[in-house]
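*Asks:* Structure provided below as structure tokens; questions to follow.
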Amino acid sequence: MIKFCSLYSGSTGNSLFVESDNSKILIDSGVSSKKVVDGLNSIGVDINTIDAILVTHEHSDHVQSLGTISKKFDIPVYANQKTWDAMKNQRDKISDNNIKFFNNNENFEIGDFTIHPFDIPHDAANPCGFTFLCDKEKFSVATDLGHMTNNVMSCLEGSKFLMLEANYDPEVLKCSRYPYLLKTRIAGPNGHLSNNLAGKTISHLINCGLENAILGHLSKENNFPELAYNTVIEELAMSNYSKDSIGLHVASRDCPSDVLEITPTLQARVG
């Protein structure tokens, strides 16, 4: 059985957890080490059992405690070369034995998982999302992407579960206190994904077997959980899907989500 939990997700910090029968992986460590440990403890996971940490990109809300956690708990860290080069302060804390490399768009394995890192459009050195294959089940994580490319969509197709960014609402962003240049960056092609585009993406992926999705990386200033959820539901309706067509959830920035169990059958449930 595969389990997934969003420990923390938002503009203030991100860390995700995936587990199979024999493997446990963190994706990013963008909050304090204490918060990561506490989040794992809250779902019954000891950080000493973590097999690896995957890094999507070098921005601080994804790597804040990366070096500290790897050093303290002797955990291998996997990132591509350009990302390693862009986070020297974190890399310097990590032992050489725990510095691991992957190449975007090439599969690699950690324990039970076959992992495919794919390119995403974001203003970082070499950012990526991930698809995971385990027990013939596929699930994916795609956050921090300014728009949906054909390659990203192709990688996501066939996923039973998806963690997808729904960062901002365009009208809320326009009226926010953010300076103009920051608003332009967020809404630009290498910024973040809007609620509307998240909804359109999910509508397409339902046709490809998607059963459950968590909306993540919501902006604290430019979005609201209810707004993100309702916007996606409206996009589903425009594609002739009811809200019962998919299990839809919104990740919290402050506390772990429910643990999603992705079973070997055609059903998935939250427990």
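Identifiers for the structure tokens are assigned positionally: chains receive A, B, ... in sequence, residues are indexed from 1 per chain, and ligands are indexed from 1 in the order shown.
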Do a neighbour search on Ile94 of chain A at 9 Å with only C-alpha atoms, toss out local chain neighbours closer than 2 positions, and write the hits as an NGL selection string.
*Replies:* :A and (66-71 or 74-77 or 90-92 or 96-99)
*Asks:* Write out as number ranges by chain the set of residues from segment 86-230 of chain A that DSSP, computed on the backbone, places in alpha helix (DSSP H).
*Replies:* A: 86, 88-91, 150-156, 170-175, 180-187, 195-206, 225-230
*Asks:* Segment 18-115 of chain A: which residues are strand (DSSP E or B) by DSSP, as a PyMOL selection string?
*Replies:* chain A and resi 18-19+24-27+52-54+77-79+99-101+108-110+113-115
*Asks:* Pick out the closest residue to Leu205 of chain A from this set: A:Lys160, A:Lys88, A:His116, A:Lys34. Count only C-alpha atoms.
*Replies:*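 The answer is A:Lys160, which sits nearest to Leu205 of chain A.
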*Asks:* One decimal, in Å: what's the spacing between atom CA of Asn22 of chain A and atom CA of Asp51 of chain A?
*Replies:*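 Interatomic distance, atom CA of Asn22 of chain A to atom CA of Asp51 of chain A: 9.5 Å.
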*Asks:* Find the residues near Lys3 of chain A: any atom within 7 Å, counting only C-alpha atoms, skip ones fewer than 3 places away on the same chain, and give them as a list in words.
*Replies:*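 Listing them by chain and then by number gives Val18, Glu19, Ser20, Val259, Leu260, Glu261 and Ile262 of chain A.
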*Asks:* Go ahead and save the residues from that selection, with N, CA and C atoms, as a short mmCIF file (atom, residue, chain, number, x, y, z; two decimals), in the first residue's frame.
*Replies:*
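Ended up saving to again_21.cif:
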data_model
loop_
_atom_site.label_atom_id
_atom_site.label_comp_id
_atom_site.auth_asym_id
_atom_site.auth_seq_id
_atom_site.Cartn_x
_atom_site.Cartn_y
_atom_site.Cartn_z
N VAL A 18 5.89 10.47 1.34
CA VAL A 18 5.34 9.31 0.64
C VAL A 18 5.91 8.04 1.25
N GLU A 19 5.11 6.99 1.25
CA GLU A 19 5.52 5.75 1.90
C GLU A 19 4.96 4.55 1.14
N SER A 20 5.78 3.53 1.00
CA SER A 20 5.35 2.23 0.50
C SER A 20 5.55 1.22 1.63
N VAL A 259 -3.90 11.40 5.65
CA VAL A 259 -3.02 10.49 4.92
C VAL A 259 -3.83 9.79 3.84
N LEU A 260 -3.43 10.00 2.60
CA LEU A 260 -4.11 9.36 1.48
C LEU A 260 -3.52 7.98 1.26
N GLU A 261 -4.36 6.97 1.20
CA GLU A 261 -3.92 5.61 0.94
C GLU A 261 -4.27 5.25 -0.50
N ILE A 262 -3.25 4.97 -1.30
CA ILE A 262 -3.45 4.61 -2.69
C ILE A 262 -3.34 3.10 -2.78
#
*Asks:* So which one's closest to Phe17 of chain A, A:Thr143, A:Asn190, A:Gln81, A:Ser257? Using only C-alpha atoms, please.
*Replies:*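 For Phe17 of chain A, the nearest of the candidates is A:Ser257.
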*Asks:* Mind checking which residues fall within 9 Å of Ala79 of chain A, counting only C-alpha atoms, ignoring those fewer than 6 positions away in the same chain, and posting them as a count of residues only?
*Replies:* 10
